file start39.cif (mmCIF, C-alpha atoms and all ligand atoms)
data_structure
loop_
_atom_site.label_atom_id
_atom_site.label_comp_id
_atom_site.auth_asym_id
_atom_site.auth_seq_id
_atom_site.Cartn_x
_atom_site.Cartn_y
_atom_site.Cartn_z
CA MET A 25 -94.69 50.46 108.06
CA ARG A 26 -94.96 53.23 110.56
CA LEU A 27 -91.24 53.76 110.37
CA ARG A 28 -91.41 54.16 106.59
CA THR A 29 -94.17 56.72 106.83
CA ALA A 30 -92.16 58.65 109.37
CA ALA A 31 -89.10 58.61 107.11
CA LEU A 32 -91.19 59.80 104.16
CA ALA A 33 -92.69 62.59 106.23
CA ALA A 34 -89.23 63.66 107.38
CA LEU A 35 -88.00 63.72 103.80
CA LEU A 36 -90.98 65.79 102.65
CA LEU A 37 -90.48 68.20 105.50
CA CYS A 38 -86.86 68.47 104.60
CA GLY A 39 -87.80 69.46 101.05
CA VAL A 40 -90.29 72.03 102.25
CA SER A 41 -87.96 73.64 104.73
CA GLY A 42 -85.17 73.80 102.19
CA CYS A 43 -82.72 71.61 104.03
CA GLU A 44 -81.74 70.35 100.55
CA ARG A 45 -79.65 73.50 100.40
CA VAL A 46 -77.78 72.42 103.48
CA MET A 47 -77.31 68.87 102.31
CA ARG A 48 -76.00 69.75 98.82
CA GLY A 49 -74.63 73.20 98.16
CA MET A 50 -75.73 73.22 94.53
CA TYR A 51 -76.77 76.79 94.69
CA GLU A 52 -73.37 78.21 95.49
CA GLN A 53 -71.15 76.88 92.77
CA PRO A 54 -67.70 78.17 91.99
CA ARG A 55 -68.69 79.46 88.55
CA TYR A 56 -69.31 82.74 86.74
CA ASP A 57 -72.77 83.86 85.71
CA PRO A 58 -73.21 85.73 82.40
CA GLY A 59 -72.04 89.32 82.66
CA GLU A 60 -70.21 88.82 85.95
CA ARG A 61 -66.90 90.54 86.72
CA SER A 62 -63.65 88.64 86.74
CA ALA A 63 -60.17 89.75 87.73
CA LEU A 64 -58.78 86.97 85.58
CA PHE A 65 -59.02 88.88 82.29
CA PRO A 66 -57.59 92.34 81.51
CA ASP A 67 -61.02 93.70 80.49
CA GLY A 68 -62.53 92.53 83.79
CA ARG A 69 -65.30 90.53 82.14
CA ALA A 70 -65.95 86.86 82.81
CA THR A 71 -67.88 86.51 79.55
CA ARG A 72 -65.31 86.29 76.78
CA PRO A 73 -65.92 87.96 73.41
CA PRO A 74 -66.30 85.45 70.56
CA PRO A 75 -63.17 85.00 68.44
CA PRO A 76 -63.07 87.08 65.25
CA GLY A 77 -64.96 85.45 62.39
CA SER A 78 -67.39 83.61 64.70
CA VAL A 79 -70.74 82.93 63.07
CA ALA A 80 -73.77 83.79 65.19
CA ASN A 81 -76.36 81.06 65.51
CA ALA A 82 -78.70 83.29 67.49
CA ILE A 83 -78.57 86.92 68.59
CA GLY A 84 -80.59 89.12 70.96
CA ASP A 85 -81.56 89.14 74.63
CA LEU A 86 -83.16 85.71 74.71
CA ALA A 87 -80.61 83.87 72.63
CA ALA A 88 -78.52 82.91 75.64
CA THR A 89 -81.49 81.73 77.67
CA SER A 90 -83.09 79.49 75.06
CA SER A 91 -80.17 77.34 73.91
CA GLY A 92 -80.06 79.52 70.83
CA ARG A 93 -83.61 78.75 69.71
CA ARG A 94 -84.68 82.35 70.15
CA GLY A 95 -82.81 84.82 67.99
CA GLN A 96 -82.28 82.58 65.00
CA ALA A 97 -84.81 84.59 63.02
CA GLU A 98 -82.73 87.73 63.68
CA VAL A 99 -79.63 85.99 62.34
CA ALA A 100 -81.52 84.89 59.22
CA GLU A 101 -82.73 88.46 58.75
CA ARG A 102 -79.22 89.87 59.04
CA GLU A 103 -77.96 87.21 56.65
CA ALA A 104 -80.68 88.04 54.11
CA ALA A 105 -79.93 91.76 54.37
CA SER A 106 -76.25 91.26 53.64
CA ALA A 107 -77.01 88.77 50.87
CA ALA A 108 -79.26 91.29 49.19
CA GLY A 109 -76.42 93.79 49.13
CA ALA A 110 -74.42 94.53 46.03
CA PRO A 111 -71.21 92.56 45.40
CA PRO A 112 -68.09 94.37 46.62
CA PRO A 113 -65.88 96.07 44.00
CA LEU A 114 -63.47 93.76 42.22
CA THR A 115 -59.95 94.20 43.60
CA ARG A 116 -56.80 92.13 43.65
CA ALA A 117 -57.27 91.65 47.41
CA LEU A 118 -60.80 90.33 46.87
CA LEU A 119 -59.53 87.84 44.28
CA ARG A 120 -56.73 86.71 46.59
CA ARG A 121 -59.23 86.18 49.39
CA GLY A 122 -61.51 84.30 46.99
CA GLN A 123 -58.65 82.11 45.83
CA GLU A 124 -57.77 81.26 49.43
CA ARG A 125 -61.37 80.51 50.46
CA TYR A 126 -62.00 78.55 47.27
CA GLY A 127 -58.94 76.44 48.07
CA ILE A 128 -60.36 75.64 51.50
CA TYR A 129 -64.04 75.10 50.80
CA CYS A 130 -64.61 74.33 47.12
CA LEU A 131 -61.43 72.90 45.62
CA PRO A 132 -61.75 69.52 47.38
CA CYS A 133 -64.66 68.70 45.05
CA HIS A 134 -64.54 71.28 42.26
CA SER A 135 -60.75 70.91 41.67
CA PRO A 136 -58.09 73.64 41.35
CA VAL A 137 -59.27 74.57 37.85
CA GLY A 138 -62.99 74.16 38.56
CA ASP A 139 -63.66 71.24 36.23
CA GLY A 140 -65.20 69.12 39.01
CA ASP A 141 -62.35 66.64 39.27
CA GLY A 142 -61.28 67.42 42.84
CA PRO A 143 -59.54 64.99 45.19
CA ILE A 144 -62.80 64.08 46.97
CA VAL A 145 -64.40 63.23 43.63
CA ARG A 146 -61.43 61.03 42.76
CA ARG A 147 -62.19 59.14 45.94
CA GLY A 148 -65.75 58.49 44.90
CA PHE A 149 -67.87 61.58 45.70
CA PRO A 150 -70.38 62.40 42.92
CA ARG A 151 -68.82 64.71 40.38
CA PRO A 152 -70.10 68.29 40.29
CA PRO A 153 -70.61 70.03 36.94
CA SER A 154 -67.62 71.87 35.48
CA TYR A 155 -67.64 75.66 35.94
CA HIS A 156 -66.52 75.82 32.32
CA GLU A 157 -69.66 74.42 30.81
CA GLN A 158 -71.71 76.88 28.81
CA ARG A 159 -74.62 77.06 31.27
CA LEU A 160 -72.42 78.00 34.22
CA ARG A 161 -70.30 80.42 32.21
CA GLU A 162 -73.48 82.27 31.34
CA ALA A 163 -74.98 82.07 34.84
CA PRO A 164 -75.09 85.37 36.75
CA ASP A 165 -72.78 85.98 39.75
CA ARG A 166 -75.81 85.76 42.00
CA HIS A 167 -76.33 82.11 41.03
CA PHE A 168 -72.93 81.12 42.45
CA PHE A 169 -73.57 83.21 45.54
CA ASP A 170 -76.92 81.46 46.07
CA VAL A 171 -75.47 77.97 45.57
CA ILE A 172 -72.88 78.69 48.28
CA THR A 173 -75.61 80.05 50.56
CA GLN A 174 -78.29 77.41 50.01
CA GLY A 175 -76.44 74.43 48.63
CA ARG A 176 -77.71 72.65 45.55
CA GLY A 177 -78.81 69.07 44.98
CA ILE A 178 -76.41 66.92 46.96
CA MET A 179 -74.06 69.85 47.62
CA TYR A 180 -74.72 71.16 51.09
CA SER A 181 -74.90 74.81 52.14
CA TYR A 182 -71.73 76.66 53.10
CA ALA A 183 -73.60 79.55 54.72
CA ASP A 184 -72.35 78.70 58.19
CA ARG A 185 -68.72 78.55 57.08
CA VAL A 186 -68.41 81.18 54.37
CA THR A 187 -69.52 84.75 55.21
CA PRO A 188 -71.46 86.72 52.58
CA GLU A 189 -68.36 88.87 51.88
CA ASP A 190 -66.28 85.75 51.34
CA ARG A 191 -68.97 84.29 49.09
CA TRP A 192 -68.56 87.26 46.76
CA ALA A 193 -64.79 86.82 46.91
CA ILE A 194 -65.19 83.17 45.88
CA VAL A 195 -67.58 84.14 43.08
CA ALA A 196 -65.00 86.62 41.77
CA TYR A 197 -62.36 83.89 41.83
CA ILE A 198 -64.63 81.42 40.01
CA ARG A 199 -65.11 84.09 37.32
CA ALA A 200 -61.32 84.32 37.04
CA LEU A 201 -61.11 80.53 36.72
CA GLN A 202 -63.72 80.59 33.97
CA LEU A 203 -61.84 83.33 32.14
CA SER A 204 -58.61 81.35 32.48
CA GLN A 205 -60.09 78.56 30.36
CA HIS A 206 -61.89 80.74 27.83
CA ALA A 207 -59.86 83.93 27.47
CA PRO A 208 -60.05 85.32 23.93
CA ILE A 209 -56.56 85.67 22.49
CA ALA A 210 -57.26 89.30 21.67
CA ALA A 211 -57.69 90.01 25.42
CA LEU A 212 -54.12 88.91 26.23
CA PRO A 213 -51.23 91.39 26.53
CA PRO A 214 -49.47 91.83 23.13
CA ALA A 215 -46.27 90.13 24.35
CA LEU A 216 -48.21 87.01 25.30
CA GLN A 217 -50.12 87.06 22.02
CA GLU A 218 -46.82 87.04 20.10
CA LYS A 219 -45.51 84.19 22.21
CA LEU A 220 -48.67 82.22 21.55
CA ALA A 221 -48.49 82.82 17.81
CA ALA A 222 -44.92 81.49 17.78
CA MET A 223 -45.88 78.31 19.65
CA PRO A 224 -46.60 75.09 17.76
CA PRO A 225 -50.23 73.96 18.21
CA GLU A 226 -50.57 71.70 21.24
CA PRO A 227 -52.72 68.58 21.08
CA PRO A 228 -55.69 69.05 23.41
CA ALA A 229 -56.48 66.64 26.26
CA ALA A 230 -52.78 66.19 27.05
CA ARG A 231 -53.25 68.33 30.15
CA GLU A 232 -54.27 66.72 33.37
CA PRO A 233 -56.09 69.27 35.47
CA GLY A 234 -56.31 68.93 39.20
CA ARG A 235 -52.87 67.48 39.68
C1 LIG A 301 -68.19 67.96 49.00
C2 LIG A 301 -68.09 68.34 47.61
C3 LIG A 301 -68.39 69.78 47.23
C4 LIG A 301 -67.85 70.92 47.77
C5 LIG A 301 -66.82 71.02 48.87
C6 LIG A 301 -68.43 72.02 47.04
N1 LIG A 301 -69.30 71.55 46.09
FE1 LIG A 301 -70.28 72.65 44.73
N2 LIG A 301 -71.16 70.98 44.00
C7 LIG A 301 -70.90 69.70 44.43
C8 LIG A 301 -71.76 68.76 43.73
C9 LIG A 301 -71.78 67.25 43.90
C10 LIG A 301 -72.55 69.54 42.86
C11 LIG A 301 -73.68 69.04 41.97
C12 LIG A 301 -74.93 69.10 42.83
C13 LIG A 301 -76.15 68.53 42.18
O1 LIG A 301 -76.52 69.07 41.12
O2 LIG A 301 -76.74 67.63 42.78
C14 LIG A 301 -72.12 70.92 43.04
C15 LIG A 301 -72.61 71.98 42.32
C16 LIG A 301 -72.11 73.26 42.37
C17 LIG A 301 -72.45 74.33 41.45
C18 LIG A 301 -73.34 74.19 40.20
C19 LIG A 301 -74.75 74.58 40.45
C20 LIG A 301 -75.55 74.40 39.18
O3 LIG A 301 -76.15 75.38 38.74
O4 LIG A 301 -75.57 73.28 38.65
C21 LIG A 301 -71.78 75.43 41.86
C22 LIG A 301 -71.83 76.80 41.21
C23 LIG A 301 -71.02 75.08 43.02
N3 LIG A 301 -71.23 73.74 43.30
C24 LIG A 301 -70.22 75.93 43.72
C25 LIG A 301 -69.49 75.56 44.84
C26 LIG A 301 -68.69 76.49 45.62
C27 LIG A 301 -68.52 77.95 45.30
C28 LIG A 301 -68.13 75.77 46.61
C29 LIG A 301 -67.26 76.28 47.75
C30 LIG A 301 -67.83 77.27 48.60
C31 LIG A 301 -68.56 74.39 46.47
N4 LIG A 301 -69.39 74.31 45.40
C32 LIG A 301 -68.16 73.35 47.30
C33 LIG A 301 -69.99 69.31 45.38
C34 LIG A 301 -69.28 70.18 46.18
#
call {"tool": "encode", "arguments": {"input": "start39.cif", "output": "structure tokens"}}
result
Amino acid sequence: MRLRTAALAALLLCGVSGCERVMRGMYEQPRYDPGERSALFPDGRATRPPPPGSVANAIGDLAATSSGRRGQAEVAEREAASAAGAPPPLTRALLRRGQERYGIYCLPCHSPVGDGDGPIVRRGFPRPPSYHEQRLREAPDRHFFDVITQGRGIMYSYADRVTPEDRWAIVAYIRALQLSQHAPIAALPPALQEKLAAMPPEPPAAREPGR
């Protein structure tokens, strides 16, 4: 009994006098602290810059010290500010970018032509509405932007994967898809109009979109 008390006292003393430091050198670890110098990288910084296109979860002084809990409001604010901005001007490059991003993030469910018959749907995922239905053809650009940002029904948000700029690019591409299925003949170049007029009428529903 006396021996145990003595051992306990010794242990306590040890803690007080800081001999824990001697026993386990936890305080001097071979690691870099934030902002420290390093000869390993050409720019001399141990903290590496995030790869281009990284999406911030939290920003500001406290973000790194709070597991990202602090600073999320700032990110939301920045996101809202860019979302409130006007859509970028329509260019071929924007459409190309939209086509590419659409192919990555939307096509799996909404299909290459946007009728909602994508490969994931063919494997059993609930079918989204077709972009070619009247309601969605008449919906403003902002509606598509907001659906990407916030998700809708069982469709989850793509805000963490698709930047606001890319959302506008996708919206532009969806508009092109819609036009592709409902272009008035008068809007086609004259050469195409002539070709169309010379073609025999095709029975509808023979096409199989999404393949
Ligand atoms: C995993 C499948 C899936 C992916 C990927 C997906 N969606 Fe959807 N989407 C759905 C489903 C399902 C619905 C129907 C949601 C509901 O009403 O419950 C939907 C609905 C929509 C609607 C219709 C909203 C309305 O007013 O009814 C739009 C617009 C839309 N998605 C755009 C997109 C865009 C743009 C992308 C790519 C960034 C995308 N979706 C990616 C499954 C998906």
call {"tool": "closest_atom_pairs", "arguments": {"input": "start39.cif", "of": "chain A", "to": "ligand LIG 301 (chain A)", "cutoff": "9 Å", "atoms": "all atoms listed in the file", "output": "tab-separated table"}}
result
residue	atom	partner	partner_atom	distance
A:Arg125	CA	A:LIG301	C30	7.5
A:Tyr126	CA	A:LIG301	C29	5.7
A:Gly127	CA	A:LIG301	C29	8.3
A:Ile128	CA	A:LIG301	C29	7.9
A:Tyr129	CA	A:LIG301	C29	4.6
A:Cys130	CA	A:LIG301	C29	3.3
A:Leu131	CA	A:LIG301	C5	6.6
A:Pro132	CA	A:LIG301	C5	5.5
A:Cys133	CA	A:LIG301	C2	4.3
A:His134	CA	A:LIG301	N1	6.1
A:Gly140	CA	A:LIG301	C7	7.9
A:Gly142	CA	A:LIG301	C2	8.4
A:Ile144	CA	A:LIG301	C2	6.8
A:Val145	CA	A:LIG301	C2	7.5
A:Phe149	CA	A:LIG301	C2	7.0
A:Pro150	CA	A:LIG301	C9	5.1
A:Arg151	CA	A:LIG301	C9	5.3
A:Pro152	CA	A:LIG301	C10	3.8
A:Pro153	CA	A:LIG301	C18	5.9
A:Ser154	CA	A:LIG301	C18	7.8
A:Tyr155	CA	A:LIG301	C22	6.8
A:Arg159	CA	A:LIG301	O3	7.8
A:Leu160	CA	A:LIG301	O3	6.4
A:Ala163	CA	A:LIG301	O3	7.8
A:His167	CA	A:LIG301	C22	7.0
A:Phe168	CA	A:LIG301	C22	4.6
A:Phe169	CA	A:LIG301	C27	7.3
A:Asp170	CA	A:LIG301	C22	8.4
A:Val171	CA	A:LIG301	C22	5.8
A:Ile172	CA	A:LIG301	C30	5.3
A:Thr173	CA	A:LIG301	C30	8.5
A:Gly175	CA	A:LIG301	N3	7.5
A:Arg176	CA	A:LIG301	C12	5.3
A:Gly177	CA	A:LIG301	O2	3.3
A:Ile178	CA	A:LIG301	O2	4.3
A:Met179	CA	A:LIG301	C7	4.5
A:Tyr180	CA	A:LIG301	N1	7.4
A:Ser181	CA	A:LIG301	C30	8.3
A:Tyr182	CA	A:LIG301	C30	6.0
A:Ala183	CA	A:LIG301	C30	8.7
A:Arg185	CA	A:LIG301	C30	8.6
A:Val186	CA	A:LIG301	C30	7.0
A:Arg191	CA	A:LIG301	C30	7.1
A:Ile194	CA	A:LIG301	C27	6.2
A:Val195	CA	A:LIG301	C27	6.6
A:Ile198	CA	A:LIG301	C27	7.4
call {"tool": "atom_distance", "arguments": {"input": "start39.cif", "atom1": "CA of Ser135 (chain A)", "atom2": "CA of Asp190 (chain A)"}}
result
18.6 Å
call {"tool": "closest_residue", "arguments": {"input": "start39.cif", "among": "A:Pro66, A:Pro224, A:Gly95, A:Pro164", "to": "Ala82 (chain A)", "atoms": "only C-alpha atoms"}}
result
A:Gly95
call {"tool": "closest_residue", "arguments": {"input": "start39.cif", "among": "A:Pro113, A:Gly148, A:Pro225, A:Gly138", "to": "Ser204 (chain A)", "atoms": "only C-alpha atoms"}}
result
A:Gly138
call {"tool": "residues_near_point", "arguments": {"input": "start39.cif", "point": "(-70.7, 84.3, 65.7)", "cutoff": "12 Å", "atoms": "all atoms listed in the file", "output": "count of residues only"}}
result
19
call {"tool": "decode", "arguments": {"input": "start39.cif", "residues": "region 104-126 of chain A", "atoms": "N, CA, C and O atoms", "output": "PDB file, in the first residue's frame"}}
result
ATOM      1  N   ALA A 104     -22.120  33.423 -52.692  1.00  0.00           N
ATOM      2  CA  ALA A 104     -23.355  34.156 -52.983  1.00  0.00           C
ATOM      3  C   ALA A 104     -23.054  35.358 -53.863  1.00  0.00           C
ATOM      4  O   ALA A 104     -23.814  35.682 -54.779  1.00  0.00           O
ATOM      5  N   ALA A 105     -21.922  36.033 -53.587  1.00  0.00           N
ATOM      6  CA  ALA A 105     -21.571  37.222 -54.368  1.00  0.00           C
ATOM      7  C   ALA A 105     -21.340  36.846 -55.829  1.00  0.00           C
ATOM      8  O   ALA A 105     -21.820  37.536 -56.740  1.00  0.00           O
ATOM      9  N   SER A 106     -20.653  35.721 -56.055  1.00  0.00           N
ATOM     10  CA  SER A 106     -20.381  35.368 -57.446  1.00  0.00           C
ATOM     11  C   SER A 106     -21.637  34.823 -58.113  1.00  0.00           C
ATOM     12  O   SER A 106     -21.830  34.960 -59.316  1.00  0.00           O
ATOM     13  N   ALA A 107     -22.518  34.208 -57.322  1.00  0.00           N
ATOM     14  CA  ALA A 107     -23.762  33.687 -57.897  1.00  0.00           C
ATOM     15  C   ALA A 107     -24.685  34.817 -58.314  1.00  0.00           C
ATOM     16  O   ALA A 107     -25.454  34.689 -59.264  1.00  0.00           O
ATOM     17  N   ALA A 108     -24.591  35.935 -57.570  1.00  0.00           N
ATOM     18  CA  ALA A 108     -25.467  37.055 -57.877  1.00  0.00           C
ATOM     19  C   ALA A 108     -25.006  37.785 -59.129  1.00  0.00           C
ATOM     20  O   ALA A 108     -25.744  38.565 -59.723  1.00  0.00           O
ATOM     21  N   GLY A 109     -23.779  37.523 -59.543  1.00  0.00           N
ATOM     22  CA  GLY A 109     -23.226  38.202 -60.701  1.00  0.00           C
ATOM     23  C   GLY A 109     -23.946  37.837 -61.981  1.00  0.00           C
ATOM     24  O   GLY A 109     -24.659  36.839 -62.048  1.00  0.00           O
ATOM     25  N   ALA A 110     -23.748  38.636 -62.997  1.00  0.00           N
ATOM     26  CA  ALA A 110     -24.402  38.387 -64.277  1.00  0.00           C
ATOM     27  C   ALA A 110     -23.725  37.213 -64.971  1.00  0.00           C
ATOM     28  O   ALA A 110     -22.538  36.958 -64.766  1.00  0.00           O
ATOM     29  N   PRO A 111     -24.469  36.469 -65.797  1.00  0.00           N
ATOM     30  CA  PRO A 111     -23.845  35.378 -66.551  1.00  0.00           C
ATOM     31  C   PRO A 111     -22.775  35.933 -67.486  1.00  0.00           C
ATOM     32  O   PRO A 111     -22.897  37.061 -67.964  1.00  0.00           O
ATOM     33  N   PRO A 112     -21.717  35.171 -67.732  1.00  0.00           N
ATOM     34  CA  PRO A 112     -20.677  35.653 -68.644  1.00  0.00           C
ATOM     35  C   PRO A 112     -21.203  35.708 -70.075  1.00  0.00           C
ATOM     36  O   PRO A 112     -22.199  35.044 -70.384  1.00  0.00           O
ATOM     37  N   PRO A 113     -20.576  36.510 -70.946  1.00  0.00           N
ATOM     38  CA  PRO A 113     -21.050  36.587 -72.333  1.00  0.00           C
ATOM     39  C   PRO A 113     -20.939  35.238 -73.030  1.00  0.00           C
ATOM     40  O   PRO A 113     -20.030  34.453 -72.743  1.00  0.00           O
ATOM     41  N   LEU A 114     -21.876  34.982 -73.916  1.00  0.00           N
ATOM     42  CA  LEU A 114     -21.926  33.701 -74.616  1.00  0.00           C
ATOM     43  C   LEU A 114     -20.846  33.645 -75.693  1.00  0.00           C
ATOM     44  O   LEU A 114     -20.838  34.457 -76.615  1.00  0.00           O
ATOM     45  N   THR A 115     -19.924  32.720 -75.545  1.00  0.00           N
ATOM     46  CA  THR A 115     -18.868  32.551 -76.546  1.00  0.00           C
ATOM     47  C   THR A 115     -18.755  31.073 -76.880  1.00  0.00           C
ATOM     48  O   THR A 115     -19.275  30.224 -76.156  1.00  0.00           O
ATOM     49  N   ARG A 116     -18.046  30.794 -77.961  1.00  0.00           N
ATOM     50  CA  ARG A 116     -17.829  29.399 -78.343  1.00  0.00           C
ATOM     51  C   ARG A 116     -17.056  28.669 -77.243  1.00  0.00           C
ATOM     52  O   ARG A 116     -17.342  27.518 -76.919  1.00  0.00           O
ATOM     53  N   ALA A 117     -16.074  29.385 -76.645  1.00  0.00           N
ATOM     54  CA  ALA A 117     -15.260  28.764 -75.592  1.00  0.00           C
ATOM     55  C   ALA A 117     -16.122  28.405 -74.382  1.00  0.00           C
ATOM     56  O   ALA A 117     -15.948  27.344 -73.775  1.00  0.00           O
ATOM     57  N   LEU A 118     -17.071  29.289 -74.050  1.00  0.00           N
ATOM     58  CA  LEU A 118     -17.956  29.032 -72.916  1.00  0.00           C
ATOM     59  C   LEU A 118     -18.801  27.782 -73.183  1.00  0.00           C
ATOM     60  O   LEU A 118     -18.959  26.914 -72.318  1.00  0.00           O
ATOM     61  N   LEU A 119     -19.314  27.678 -74.416  1.00  0.00           N
ATOM     62  CA  LEU A 119     -20.131  26.520 -74.782  1.00  0.00           C
ATOM     63  C   LEU A 119     -19.312  25.232 -74.716  1.00  0.00           C
ATOM     64  O   LEU A 119     -19.791  24.207 -74.238  1.00  0.00           O
ATOM     65  N   ARG A 120     -18.075  25.318 -75.225  1.00  0.00           N
ATOM     66  CA  ARG A 120     -17.198  24.134 -75.196  1.00  0.00           C
ATOM     67  C   ARG A 120     -16.976  23.678 -73.756  1.00  0.00           C
ATOM     68  O   ARG A 120     -17.038  22.491 -73.446  1.00  0.00           O
ATOM     69  N   ARG A 121     -16.691  24.663 -72.902  1.00  0.00           N
ATOM     70  CA  ARG A 121     -16.463  24.364 -71.493  1.00  0.00           C
ATOM     71  C   ARG A 121     -17.727  23.742 -70.877  1.00  0.00           C
ATOM     72  O   ARG A 121     -17.664  22.769 -70.144  1.00  0.00           O
ATOM     73  N   GLY A 122     -18.876  24.321 -71.231  1.00  0.00           N
ATOM     74  CA  GLY A 122     -20.144  23.812 -70.727  1.00  0.00           C
ATOM     75  C   GLY A 122     -20.392  22.382 -71.189  1.00  0.00           C
ATOM     76  O   GLY A 122     -20.820  21.532 -70.415  1.00  0.00           O
ATOM     77  N   GLN A 123     -20.079  22.133 -72.451  1.00  0.00           N
ATOM     78  CA  GLN A 123     -20.271  20.786 -73.007  1.00  0.00           C
ATOM     79  C   GLN A 123     -19.408  19.769 -72.233  1.00  0.00           C
ATOM     80  O   GLN A 123     -19.866  18.692 -71.868  1.00  0.00           O
ATOM     81  N   GLU A 124     -18.166  20.178 -71.985  1.00  0.00           N
ATOM     82  CA  GLU A 124     -17.237  19.290 -71.275  1.00  0.00           C
ATOM     83  C   GLU A 124     -17.729  19.010 -69.846  1.00  0.00           C
ATOM     84  O   GLU A 124     -17.786  17.875 -69.395  1.00  0.00           O
ATOM     85  N   ARG A 125     -18.094  20.101 -69.133  1.00  0.00           N
ATOM     86  CA  ARG A 125     -18.538  19.947 -67.741  1.00  0.00           C
ATOM     87  C   ARG A 125     -19.854  19.181 -67.672  1.00  0.00           C
ATOM     88  O   ARG A 125     -20.078  18.382 -66.773  1.00  0.00           O
ATOM     89  N   TYR A 126     -20.741  19.452 -68.620  1.00  0.00           N
ATOM     90  CA  TYR A 126     -22.015  18.742 -68.676  1.00  0.00           C
ATOM     91  C   TYR A 126     -21.745  17.239 -68.824  1.00  0.00           C
ATOM     92  O   TYR A 126     -22.355  16.412 -68.145  1.00  0.00           O
TER      93      TYR A 126
END
